[in-house]
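Asks: What follows is start-v4.cif; its format and atoms are mmCIF, C-alpha atoms (C1' of nucleotides).
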data_model
#
loop_
_atom_site.label_atom_id
_atom_site.label_comp_id
_atom_site.auth_asym_id
_atom_site.auth_seq_id
_atom_site.Cartn_x
_atom_site.Cartn_y
_atom_site.Cartn_z
CA MET J 1 0.00 0.00 0.00
CA PRO J 2 1.72 3.21 -1.15
CA PHE J 3 1.64 6.44 0.78
CA SER J 4 1.74 9.79 -0.97
CA VAL J 5 2.25 13.38 0.07
CA ALA J 6 1.62 16.42 -2.09
CA THR J 7 2.59 20.07 -1.58
CA TRP J 8 0.99 23.00 -3.43
CA ASN J 9 1.05 26.75 -3.01
CA ILE J 10 -2.59 27.31 -3.92
CA ASN J 11 -2.67 31.15 -3.82
CA SER J 12 -6.12 31.32 -2.19
CA VAL J 13 -7.80 28.03 -1.28
CA ARG J 14 -11.27 29.54 -1.51
CA LEU J 15 -10.79 30.94 -5.00
CA ARG J 16 -9.29 27.71 -6.31
CA ILE J 17 -11.27 25.12 -4.40
CA ASP J 18 -12.54 23.58 -7.67
CA LEU J 19 -8.96 23.10 -8.87
CA VAL J 20 -8.11 21.46 -5.55
CA ARG J 21 -11.13 19.16 -5.87
CA HIS J 22 -10.06 18.20 -9.38
CA PHE J 23 -6.51 17.53 -8.21
CA LEU J 24 -7.62 15.37 -5.28
CA ALA J 25 -10.07 13.37 -7.40
CA LYS J 26 -7.40 12.64 -9.98
CA HIS J 27 -4.32 12.04 -7.82
CA ARG J 28 -5.73 10.98 -4.44
CA PRO J 29 -2.65 11.80 -2.33
CA HIS J 30 -2.97 10.62 1.25
CA VAL J 31 -1.88 14.02 2.47
CA LEU J 32 -2.04 17.42 0.78
CA CYS J 33 -0.05 20.33 2.20
CA LEU J 34 -1.19 23.76 1.07
CA GLN J 35 0.45 27.16 1.37
CA GLU J 36 -1.01 30.64 0.84
CA THR J 37 -4.50 29.54 1.79
CA LYS J 38 -5.21 33.26 2.44
CA CYS J 39 -8.14 32.80 4.80
CA VAL J 40 -8.91 32.69 8.49
CA ASN J 41 -9.59 29.25 9.97
CA GLY J 42 -13.31 29.98 10.17
CA SER J 43 -13.50 30.54 6.39
CA PHE J 44 -11.60 27.42 5.41
CA PRO J 45 -13.66 25.30 2.94
CA HIS J 46 -13.86 22.23 5.20
CA ARG J 47 -16.90 20.77 3.50
CA ALA J 48 -15.30 20.49 0.06
CA PHE J 49 -12.44 18.47 1.56
CA ARG J 50 -14.75 16.32 3.67
CA ASP J 51 -16.87 15.54 0.61
CA ALA J 52 -13.72 14.54 -1.26
CA GLY J 53 -12.85 12.05 1.49
CA TYR J 54 -10.36 14.24 3.32
CA ARG J 55 -11.86 14.52 6.79
CA HIS J 56 -8.73 15.31 8.77
CA ILE J 57 -7.50 18.86 8.49
CA ALA J 58 -4.89 20.88 10.36
CA ILE J 59 -4.98 24.57 9.50
CA HIS J 60 -3.13 27.66 10.53
CA GLY J 61 -4.60 30.64 8.73
CA GLN J 62 -4.95 34.38 9.04
CA LYS J 63 -6.72 37.09 7.11
CA GLY J 64 -5.59 37.86 3.58
CA TYR J 65 -2.03 36.59 3.56
CA HIS J 66 -0.03 33.38 4.00
CA GLY J 67 -1.76 30.48 5.72
CA VAL J 68 -0.89 26.77 5.65
CA ALA J 69 -2.91 23.56 5.89
CA ILE J 70 -2.37 19.79 6.13
CA ILE J 71 -5.28 17.84 4.65
CA SER J 72 -5.49 14.09 5.10
CA ARG J 73 -7.55 11.00 4.37
CA ARG J 74 -6.25 9.44 7.59
CA PRO J 75 -6.30 10.79 11.15
CA LEU J 76 -3.78 13.44 12.14
CA SER J 77 -2.26 13.78 15.57
CA ASP J 78 0.22 16.09 17.32
CA ILE J 79 -1.06 19.12 15.41
CA ALA J 80 0.95 22.22 16.26
CA ASN J 81 2.47 25.31 14.74
CA MET J 82 5.66 27.20 15.31
CA GLN J 83 6.12 30.94 15.33
CA LEU J 84 9.39 31.79 13.66
CA CYS J 85 11.04 35.19 14.15
CA GLY J 86 8.55 35.81 16.96
CA LYS J 87 5.71 36.44 14.49
CA ASP J 88 2.36 34.67 14.46
CA ASP J 89 2.08 34.92 10.67
CA ALA J 90 0.75 31.47 9.71
CA ARG J 91 3.84 30.11 7.99
CA HIS J 92 4.13 26.68 9.60
CA ILE J 93 2.01 23.75 10.68
CA THR J 94 2.90 20.20 11.63
CA ALA J 95 0.91 17.01 12.06
CA THR J 96 1.65 13.31 12.42
CA ILE J 97 0.02 10.47 10.47
CA GLU J 98 0.36 6.71 10.92
CA HIS J 99 1.76 4.72 8.02
CA ARG J 100 2.29 0.98 8.51
CA LYS J 101 2.06 1.40 12.28
CA ARG J 102 4.79 4.01 12.20
CA PRO J 103 4.36 7.71 12.79
CA VAL J 104 5.26 10.02 9.91
CA THR J 105 5.59 13.64 10.99
CA ILE J 106 4.98 16.29 8.37
CA HIS J 107 6.17 19.90 8.59
CA ASN J 108 4.60 22.35 6.16
CA PHE J 109 6.41 25.69 5.70
CA TYR J 110 5.72 28.90 3.84
CA VAL J 111 8.99 30.86 3.85
CA PRO J 112 8.74 34.66 3.41
CA ALA J 113 9.10 35.83 -0.18
CA GLY J 114 11.61 38.50 0.75
CA GLY J 115 10.53 41.53 -1.28
CA ASP J 116 12.41 43.01 -4.21
CA GLU J 117 15.79 44.25 -3.03
CA PRO J 118 18.21 41.50 -1.94
CA ASP J 119 19.79 43.65 0.77
CA PRO J 120 18.87 43.00 4.41
CA LYS J 121 20.12 46.46 5.43
CA THR J 122 17.64 48.31 3.24
CA ASN J 123 14.87 45.74 2.80
CA PRO J 124 13.23 44.46 6.02
CA LYS J 125 11.38 41.74 4.09
CA PHE J 126 14.65 40.27 2.89
CA ALA J 127 16.09 40.52 6.41
CA HIS J 128 13.02 38.66 7.67
CA LYS J 129 13.47 35.95 5.04
CA LEU J 130 17.12 35.40 5.97
CA ALA J 131 16.28 35.36 9.69
CA PHE J 132 13.44 32.89 9.04
CA VAL J 133 15.74 30.47 7.20
CA ARG J 134 18.37 30.83 9.94
CA GLU J 135 15.73 30.03 12.54
CA MET J 136 14.59 27.00 10.51
CA ARG J 137 18.17 25.78 10.78
CA THR J 138 18.36 26.24 14.54
CA ARG J 139 15.06 24.40 14.95
CA MET J 140 16.22 21.33 13.03
CA LYS J 141 17.40 19.85 16.32
CA THR J 142 13.75 19.39 17.28
CA ILE J 143 12.04 18.78 13.93
CA ALA J 144 14.54 16.60 12.04
CA LYS J 145 14.11 13.01 13.15
CA PRO J 146 13.46 9.59 11.61
CA GLY J 147 10.13 9.39 9.84
CA ALA J 148 9.94 13.12 9.14
CA ILE J 149 8.97 14.98 5.97
CA LEU J 150 9.44 18.72 5.44
CA VAL J 151 7.53 20.28 2.57
CA GLY J 152 6.44 23.64 1.40
CA ASP J 153 7.00 26.80 -0.54
CA LEU J 154 10.50 27.61 0.64
CA ASN J 155 10.71 30.51 -1.80
CA ILE J 156 14.33 29.71 -2.63
CA ALA J 157 15.60 27.95 -5.77
CA PRO J 158 18.85 26.41 -4.50
CA LEU J 159 20.56 24.87 -7.55
CA GLU J 160 21.69 26.49 -10.77
CA THR J 161 19.26 24.24 -12.63
CA ASP J 162 16.41 25.31 -10.34
CA VAL J 163 16.07 28.57 -12.29
CA TRP J 164 15.78 29.38 -15.99
CA SER J 165 18.98 31.43 -15.90
CA HIS J 166 21.43 31.07 -13.03
CA LYS J 167 23.48 34.02 -14.21
CA GLN J 168 20.52 36.35 -14.66
CA LEU J 169 18.96 35.46 -11.32
CA LEU J 170 22.02 35.65 -9.08
CA LYS J 171 20.93 39.07 -7.82
CA VAL J 172 17.22 38.30 -7.86
CA VAL J 173 15.49 37.42 -4.59
CA SER J 174 14.95 33.61 -4.46
CA HIS J 175 18.30 32.70 -6.01
CA THR J 176 20.92 34.96 -4.37
CA PRO J 177 23.92 33.19 -2.81
CA VAL J 178 23.01 34.31 0.72
CA GLU J 179 19.61 32.62 0.33
CA THR J 180 20.75 29.43 -1.39
CA GLU J 181 23.60 29.01 1.11
CA GLY J 182 21.25 29.64 4.03
CA LEU J 183 18.78 27.06 2.76
CA GLU J 184 21.57 24.55 2.23
CA ARG J 185 22.77 25.08 5.79
CA ALA J 186 19.25 24.47 7.08
CA ARG J 187 18.92 21.31 4.99
CA ALA J 188 22.30 20.02 6.11
CA ALA J 189 21.61 20.81 9.78
CA GLY J 190 18.64 18.44 9.64
CA GLN J 191 20.37 15.91 7.38
CA TRP J 192 17.36 16.24 5.10
CA VAL J 193 17.41 14.63 1.67
CA ASP J 194 16.14 16.84 -1.16
CA LEU J 195 13.76 14.23 -2.55
CA MET J 196 13.02 16.06 -5.79
CA ARG J 197 16.71 15.99 -6.65
CA HIS J 198 16.97 12.37 -5.50
CA PHE J 199 14.70 11.53 -8.44
CA VAL J 200 15.59 14.27 -10.92
CA PRO J 201 19.34 14.65 -11.56
CA PRO J 202 20.78 18.08 -10.67
CA GLU J 203 21.85 18.51 -14.29
CA GLU J 204 18.21 18.70 -15.35
CA LYS J 205 16.13 21.85 -15.14
CA LEU J 206 13.28 21.52 -12.69
CA TYR J 207 10.69 24.20 -11.83
CA THR J 208 7.52 24.42 -9.75
CA TRP J 209 6.64 28.11 -10.25
CA TRP J 210 6.14 30.35 -13.27
CA SER J 211 5.33 34.06 -12.96
CA TYR J 212 1.85 35.34 -13.72
CA ARG J 213 3.45 38.23 -15.55
CA SER J 214 4.62 36.25 -18.51
CA PRO J 215 1.88 36.29 -21.17
CA ASP J 216 2.66 32.67 -22.08
CA TRP J 217 4.47 30.70 -19.37
CA THR J 218 5.19 27.81 -21.78
CA LYS J 219 6.89 29.98 -24.37
CA ASN J 220 10.23 30.59 -22.68
CA ASP J 221 9.72 28.28 -19.69
CA ARG J 222 11.16 30.82 -17.28
CA GLY J 223 10.42 29.00 -14.06
CA ARG J 224 11.97 28.43 -10.68
CA ARG J 225 11.95 25.48 -8.23
CA LEU J 226 10.58 27.17 -5.12
CA ASP J 227 8.58 24.24 -3.73
CA HIS J 228 10.36 21.38 -2.01
CA ILE J 229 9.97 17.96 -0.43
CA TRP J 230 12.69 17.01 2.04
CA VAL J 231 12.73 13.68 3.86
CA SER J 232 14.70 12.13 6.72
CA PRO J 233 17.39 9.68 5.48
CA ASP J 234 15.47 6.61 6.69
CA LEU J 235 12.59 7.42 4.34
CA VAL J 236 14.71 7.66 1.19
CA GLU J 237 14.74 3.95 0.47
CA THR J 238 10.95 3.82 0.78
CA ALA J 239 10.46 6.68 -1.70
CA LYS J 240 9.13 5.33 -4.98
CA SER J 241 8.32 8.26 -7.20
CA LEU J 242 8.22 12.00 -7.51
CA SER J 243 6.15 14.08 -9.85
CA VAL J 244 5.83 17.77 -10.62
CA LEU J 245 2.40 18.44 -12.06
CA ARG J 246 3.42 20.95 -14.72
CA GLU J 247 0.06 20.68 -16.47
CA ALA J 248 -1.61 22.36 -13.47
CA ARG J 249 -0.03 25.66 -14.53
CA SER J 250 -2.30 25.59 -17.59
CA TRP J 251 -5.52 24.89 -15.71
CA GLU J 252 -8.17 27.59 -15.77
CA ARG J 253 -7.29 30.48 -13.40
CA PRO J 254 -4.27 28.57 -12.09
CA SER J 255 -2.03 29.13 -9.11
CA ASP J 256 1.41 30.31 -10.19
CA HIS J 257 2.79 27.21 -8.38
CA VAL J 258 2.09 23.59 -9.36
CA PRO J 259 1.68 20.56 -7.07
CA VAL J 260 4.62 18.28 -6.26
CA ILE J 261 3.76 14.70 -5.26
CA ALA J 262 6.00 12.12 -3.57
CA SER J 263 5.02 8.45 -3.20
CA PHE J 264 6.42 6.02 -0.64
CA SER J 265 6.07 2.25 -0.41
"C1'" DA R 266 12.18 41.18 -21.51
"C1'" DT R 267 11.76 40.87 -13.16
"C1'" DG R 268 7.13 42.38 -15.08
"C1'" DA R 269 3.36 42.68 -19.28
"C1'" DC R 270 -0.46 39.62 -13.67
"C1'" DG R 271 -3.33 38.29 -10.07
"C1'" DG R 272 -5.24 37.90 -5.13
"C1'" DA R 273 -7.38 40.10 -0.78
"C1'" DT R 274 -9.34 43.91 1.13
"C1'" DC R 275 -13.35 48.38 4.92
"C1'" DT R 276 -15.09 48.10 -3.72
"C1'" DA R 277 -10.93 51.41 -4.82
"C1'" DA R 278 -6.57 51.73 -4.91
"C1'" DT R 279 -3.25 49.67 -2.25
"C1'" DC R 280 -0.46 46.11 -0.47
"C1'" DC R 281 1.55 41.82 -1.47
"C1'" DG R 282 3.58 37.98 -4.14
"C1'" DA R 283 8.78 36.21 -6.02
#
Output the structure of this file as structure tokens.
Replies:
Amino acid sequence: MPFSVATWNINSVRLRIDLVRHFLAKHRPHVLCLQETKCVNGSFPHRAFRDAGYRHIAIHGQKGYHGVAIISRRPLSDIANMQLCGKDDARHITATIEHRKRPVTIHNFYVPAGGDEPDPKTNPKFAHKLAFVREMRTRMKTIAKPGAILVGDLNIAPLETDVWSHKQLLKVVSHTPVETEGLERARAAGQWVDLMRHFVPPEEKLYTWWSYRSPDWTKNDRGRRLDHIWVSPDLVETAKSLSVLREARSWERPSDHVPVIASFS
DNA sequence: ATGACGGATCTAATCCGA
């Protein structure tokens, strides 16, 4: 019996609930982690998920911005959220699910975008992003353990092949060296395995996000890999497949991010 | 050719995303 986890920055769960329904009906992941739900917990579309067979939901939302959720076909336990950088801004939620009598703990993150200017001295949003990633690293002592999965919109494209042009994006927020090095330090501190790159060789381009501002996202394929699935080393041998649902970027009124799905035996 | 868009919000223009 396989076990699958999906992550998707939905950019408003209420606006795109029909796309989520379609995705769940077609792919049936055991767990779906959403980011940018953009609604308070009281406005979360519980019924649509319940009707789709996903009765177990952990949400951490707020008005208008950010917001994360873990949606599951099986019971969730140990639901909690962390406040990084001392802010209660709905950027993390965790829950645990049983798989083959073993607990699998999922951490769902939405890392700050970081604004335009990649200078922490002049841009407080970029300073916040760097501090957030540093704090993720210091918290790995508690969250990185056997049977753990860390997913989410980490808003950083770490490898040269995670962006359409490494050279042109070196000074663009999401791919600057201070960000990619910070993310790598956080990953290494938890001994996490970058599961997407376990399946897709680092030589190959791999994206999960394409800007809304391009009139035709398929034309030049100027994407970035901002969404990630990291797993603890013990889970690597059980991982069976990984897919990036590129087609979702062409759905009607799409999110600018597409779902990433990992399957485990 | 990093914005030409798109979402939420005290429905109008402003903030935010990355």
Asks: Excluding same-chain residues fewer than 5 positions from region 271-282 of chain R, what lies within 9 Å of it counting all atoms listed in the file, as a VMD selection string?
Replies: chain J and resid 11 to 12 15 38 63 to 65 113 115 212 to 213
Asks: Apply the PyMOL selection byres ((chain J and resi 42) around 12) to the structure shown and report the selected residues as an MDAnalysis selection string.
Replies: chainID J and resid 14 38:41 43:47 59:63
Asks: Those same residues, written as a compact mmCIF listing (two decimals), keeping the file's coordinate frame with C-alpha atoms?
Replies:
# COMPACT_ATOMS: atom_id res chain seq x y z
CA ARG J 14 -11.27 29.54 -1.51
CA LYS J 38 -5.21 33.26 2.44
CA CYS J 39 -8.14 32.80 4.80
CA VAL J 40 -8.91 32.69 8.49
CA ASN J 41 -9.59 29.25 9.97
CA SER J 43 -13.50 30.54 6.39
CA PHE J 44 -11.60 27.42 5.41
CA PRO J 45 -13.66 25.30 2.94
CA HIS J 46 -13.86 22.23 5.20
CA ARG J 47 -16.90 20.77 3.50
CA ILE J 59 -4.98 24.57 9.50
CA HIS J 60 -3.13 27.66 10.53
CA GLY J 61 -4.60 30.64 8.73
CA GLN J 62 -4.95 34.38 9.04
CA LYS J 63 -6.72 37.09 7.11
Asks: Translate the PyMOL selection byres ((chain R) within 6 of (chain J)) into a concrete residue list for this structure, as a PyMOL selection string.
Replies: chain R and resi 268-270+273+283
Asks: Which is closest to Ala262 (chain J) among J:Asp194, J:Asp51, J:Glu247, J:Glu203, if we use all atoms listed in the file?
Replies: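 Answer, going by the shortest atom-to-atom distance: J:Asp194.
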Asks: If we count only C-alpha atoms (C1' of nucleotides) and set the cut-off at 7 Å, which residues sit around region 195-198 of chain J, ignoring sequence neighbours fewer than 3 positions away in its own chain? Please answer as a tab-separated table (two decimals) with C-alpha atoms, keeping the file's coordinate frame.
Replies:
chain	number	residue	atom	x	y	z
J	201	PRO	CA	19.34	14.65	-11.56
J	202	PRO	CA	20.78	18.08	-10.67
J	229	ILE	CA	9.97	17.96	-0.43
J	230	TRP	CA	12.69	17.01	2.04
J	231	VAL	CA	12.73	13.68	3.86
J	242	LEU	CA	8.22	12.00	-7.51
Asks: Selected by the PyMOL selection byres ((chain J and resi 92-108) around 7) in the shown coordinates: which residues, as a list in words?
Replies: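 This file, filtered by the PyMOL selection byres ((chain J and resi 92-108) around 7), leaves Cys33, His60, Val68, Ala69, Arg74, Pro75, Leu76, Ser77, Asp78, Ile79, Ala80, Asn81, Met82, Ala90, Arg91, Phe109, Tyr110, Gly147, Ala148, Ile149, Leu150, Val151 and Gly152 of chain J.
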Asks: Got a sec: who's within 12 Å of Pro118 (chain J), counting all atoms listed in the file, leaving out chain neighbours fewer than 5 positions off, as a list in words?
Replies: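 Once the adjacent positions are removed, what remains is Ala113, Asn123, Pro124, Lys125, Phe126, Ala127, His128, Lys129, Leu130, Leu169, Leu170, Lys171, Val172, Val173, Ser174, His175, Thr176, Pro177, Val178 and Glu179 of chain J; DA283 of chain R.
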Asks: List as a PDB file with C-alpha atoms, in the frame of the given file the protein and nucleic acid residues near Val244 (chain J), meaning an atom at most 10 Å away when only C-alpha atoms (C1' of nucleotides) are counted, but skip any in the same chain fewer than 4 places from it.
Replies:
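Generated output (part12.pdb):
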ATOM      1  CA  ALA J   6       1.620  16.420  -2.090  1.00  0.00           C
ATOM      2  CA  THR J   7       2.590  20.070  -1.580  1.00  0.00           C
ATOM      3  CA  MET J 196      13.020  16.060  -5.790  1.00  0.00           C
ATOM      4  CA  LEU J 206      13.280  21.520 -12.690  1.00  0.00           C
ATOM      5  CA  TYR J 207      10.690  24.200 -11.830  1.00  0.00           C
ATOM      6  CA  THR J 208       7.520  24.420  -9.750  1.00  0.00           C
ATOM      7  CA  ASP J 227       8.580  24.240  -3.730  1.00  0.00           C
ATOM      8  CA  ALA J 248      -1.610  22.360 -13.470  1.00  0.00           C
ATOM      9  CA  VAL J 258       2.090  23.590  -9.360  1.00  0.00           C
ATOM     10  CA  PRO J 259       1.680  20.560  -7.070  1.00  0.00           C
ATOM     11  CA  VAL J 260       4.620  18.280  -6.260  1.00  0.00           C
ATOM     12  CA  ILE J 261       3.760  14.700  -5.260  1.00  0.00           C
ATOM     13  CA  ALA J 262       6.000  12.120  -3.570  1.00  0.00           C
TER      14      ALA J 262
END
Asks: If the box runs along x, y and z of the file and leaves 3 Å on each side of region 270-279 of chain R, what are its centre and edge lengths in Å, one decimal, as AutoDock Vina command-line options?
Replies:
--center_x -7.8 --center_y 44.8 --center_z -4.4 --size_x 20.6 --size_y 19.8 --size_z 24.6
Asks: How many Å separate CA of Val111 (chain J) from C1' of DA266 (chain R)?
Replies: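 A separation of 27.6 Å between them.
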Asks: Which is closer to Lys145 (chain J) than all the others in J:Thr218, J:Ser165, J:Ser72, J:Ser232, using all atoms listed in the file?
Replies: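 Looking at the shortest contact to Lys145 (chain J), the residue is J:Ser232.
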Asks: Hey, what's within 12 Å of Phe49 (chain J) if we count only C-alpha atoms (C1' of nucleotides) and toss same-chain stuff fewer than 2 positions away? As a CSV table (one decimal) with C-alpha atoms, keeping the file's coordinate frame, please?
Replies:
chain,number,residue,atom,x,y,z
J,13,VAL,CA,-7.8,28.0,-1.3
J,14,ARG,CA,-11.3,29.5,-1.5
J,17,ILE,CA,-11.3,25.1,-4.4
J,18,ASP,CA,-12.5,23.6,-7.7
J,19,LEU,CA,-9.0,23.1,-8.9
J,20,VAL,CA,-8.1,21.5,-5.6
J,21,ARG,CA,-11.1,19.2,-5.9
J,22,HIS,CA,-10.1,18.2,-9.4
J,23,PHE,CA,-6.5,17.5,-8.2
J,24,LEU,CA,-7.6,15.4,-5.3
J,25,ALA,CA,-10.1,13.4,-7.4
J,28,ARG,CA,-5.7,11.0,-4.4
J,31,VAL,CA,-1.9,14.0,2.5
J,32,LEU,CA,-2.0,17.4,0.8
J,44,PHE,CA,-11.6,27.4,5.4
J,45,PRO,CA,-13.7,25.3,2.9
J,46,HIS,CA,-13.9,22.2,5.2
J,47,ARG,CA,-16.9,20.8,3.5
J,51,ASP,CA,-16.9,15.5,0.6
J,52,ALA,CA,-13.7,14.5,-1.3
J,53,GLY,CA,-12.8,12.0,1.5
J,54,TYR,CA,-10.4,14.2,3.3
J,55,ARG,CA,-11.9,14.5,6.8
J,56,HIS,CA,-8.7,15.3,8.8
J,57,ILE,CA,-7.5,18.9,8.5
J,58,ALA,CA,-4.9,20.9,10.4
J,69,ALA,CA,-2.9,23.6,5.9
J,70,ILE,CA,-2.4,19.8,6.1
J,71,ILE,CA,-5.3,17.8,4.6
J,72,SER,CA,-5.5,14.1,5.1
J,73,ARG,CA,-7.6,11.0,4.4
Asks: Between J:Gly223, J:Gly67, J:Pro233, J:Gly182, which is the closest to Arg137 (chain J) once you count all atoms listed in the file?
Replies: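 Smallest distance to Arg137 (chain J) is found for J:Gly182.
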Asks: Grab the CA of Asp234 (chain J) to CA of Val193 (chain J) distance for me, in Å with one decimal place.
Replies: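 Here the two named atoms are 9.7 Å from each other.
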Asks: What is the CA of Gly86 (chain J)-CA of Leu34 (chain J) distance in Å, reported with one decimal?
Replies: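 Atom-to-atom, CA of Gly86 (chain J) and CA of Leu34 (chain J) are spaced 22.2 Å apart.
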Asks: My structure is short of atoms at region 204-212 of chain J; please model all heavy atoms there, returning them as a compact mmCIF listing (two decimals), in the coordinates of the input.
Replies:
# COMPACT_ATOMS: atom_id res chain seq x y z
N GLU J 204 19.46 18.40 -14.64
CA GLU J 204 18.21 18.70 -15.35
C GLU J 204 17.50 19.90 -14.74
O GLU J 204 17.39 20.02 -13.52
CB GLU J 204 17.26 17.49 -15.25
CG GLU J 204 17.39 16.51 -16.36
CD GLU J 204 16.43 15.33 -16.18
OE1 GLU J 204 15.23 15.55 -15.90
OE2 GLU J 204 16.90 14.19 -16.30
N LYS J 205 16.97 20.74 -15.62
CA LYS J 205 16.13 21.85 -15.14
C LYS J 205 14.88 21.31 -14.47
O LYS J 205 14.31 20.31 -14.93
CB LYS J 205 15.74 22.71 -16.34
CG LYS J 205 16.92 23.38 -17.04
CD LYS J 205 17.30 24.65 -16.33
CE LYS J 205 18.25 25.49 -17.20
NZ LYS J 205 18.71 26.67 -16.46
N LEU J 206 14.48 21.97 -13.39
CA LEU J 206 13.28 21.52 -12.69
C LEU J 206 12.63 22.72 -11.99
O LEU J 206 13.26 23.36 -11.15
CB LEU J 206 13.65 20.45 -11.65
CG LEU J 206 12.49 19.76 -10.92
CD1 LEU J 206 11.57 19.04 -11.88
CD2 LEU J 206 13.03 18.78 -9.87
N TYR J 207 11.40 23.02 -12.37
CA TYR J 207 10.69 24.20 -11.83
C TYR J 207 9.33 23.80 -11.26
O TYR J 207 8.73 22.82 -11.70
CB TYR J 207 10.44 25.25 -12.93
CG TYR J 207 11.62 25.56 -13.81
CD1 TYR J 207 11.46 25.71 -15.19
CD2 TYR J 207 12.90 25.70 -13.28
CE1 TYR J 207 12.52 26.00 -16.01
CE2 TYR J 207 13.97 25.99 -14.10
CZ TYR J 207 13.78 26.14 -15.47
OH TYR J 207 14.84 26.42 -16.29
N THR J 208 8.87 24.62 -10.32
CA THR J 208 7.52 24.42 -9.75
C THR J 208 6.69 25.70 -9.80
O THR J 208 5.53 25.71 -9.40
CB THR J 208 7.60 23.98 -8.28
OG1 THR J 208 8.22 25.02 -7.51
CG2 THR J 208 8.39 22.69 -8.13
N TRP J 209 7.30 26.80 -10.23
CA TRP J 209 6.64 28.11 -10.25
C TRP J 209 6.97 28.86 -11.54
O TRP J 209 8.13 28.83 -11.98
CB TRP J 209 7.09 28.93 -9.04
CG TRP J 209 6.63 30.36 -9.03
CD1 TRP J 209 5.47 30.84 -8.48
CD2 TRP J 209 7.32 31.49 -9.57
NE1 TRP J 209 5.41 32.20 -8.68
CE2 TRP J 209 6.51 32.63 -9.34
CE3 TRP J 209 8.52 31.66 -10.25
CZ2 TRP J 209 6.88 33.92 -9.74
CZ3 TRP J 209 8.89 32.94 -10.67
CH2 TRP J 209 8.07 34.05 -10.40
N TRP J 210 5.95 29.49 -12.10
CA TRP J 210 6.14 30.35 -13.27
C TRP J 210 5.34 31.62 -13.03
O TRP J 210 4.15 31.55 -12.67
CB TRP J 210 5.64 29.66 -14.55
CG TRP J 210 6.44 28.45 -14.95
CD1 TRP J 210 7.45 28.41 -15.87
CD2 TRP J 210 6.30 27.11 -14.46
NE1 TRP J 210 7.94 27.12 -15.98
CE2 TRP J 210 7.26 26.31 -15.12
CE3 TRP J 210 5.46 26.50 -13.51
CZ2 TRP J 210 7.40 24.94 -14.88
CZ3 TRP J 210 5.60 25.14 -13.25
CH2 TRP J 210 6.56 24.38 -13.94
N SER J 211 5.96 32.78 -13.26
CA SER J 211 5.33 34.06 -12.96
C SER J 211 4.03 34.26 -13.72
O SER J 211 3.89 33.85 -14.87
CB SER J 211 6.30 35.18 -13.32
OG SER J 211 5.64 36.42 -13.20
N TYR J 212 3.09 34.94 -13.05
CA TYR J 212 1.85 35.34 -13.72
C TYR J 212 2.13 36.38 -14.81
O TYR J 212 1.30 36.60 -15.68
CB TYR J 212 0.90 35.96 -12.71
CG TYR J 212 0.12 35.00 -11.84
CD1 TYR J 212 0.11 35.14 -10.46
CD2 TYR J 212 -0.67 34.00 -12.39
CE1 TYR J 212 -0.64 34.31 -9.65
CE2 TYR J 212 -1.43 33.16 -11.59
CZ TYR J 212 -1.41 33.31 -10.21
OH TYR J 212 -2.15 32.48 -9.42
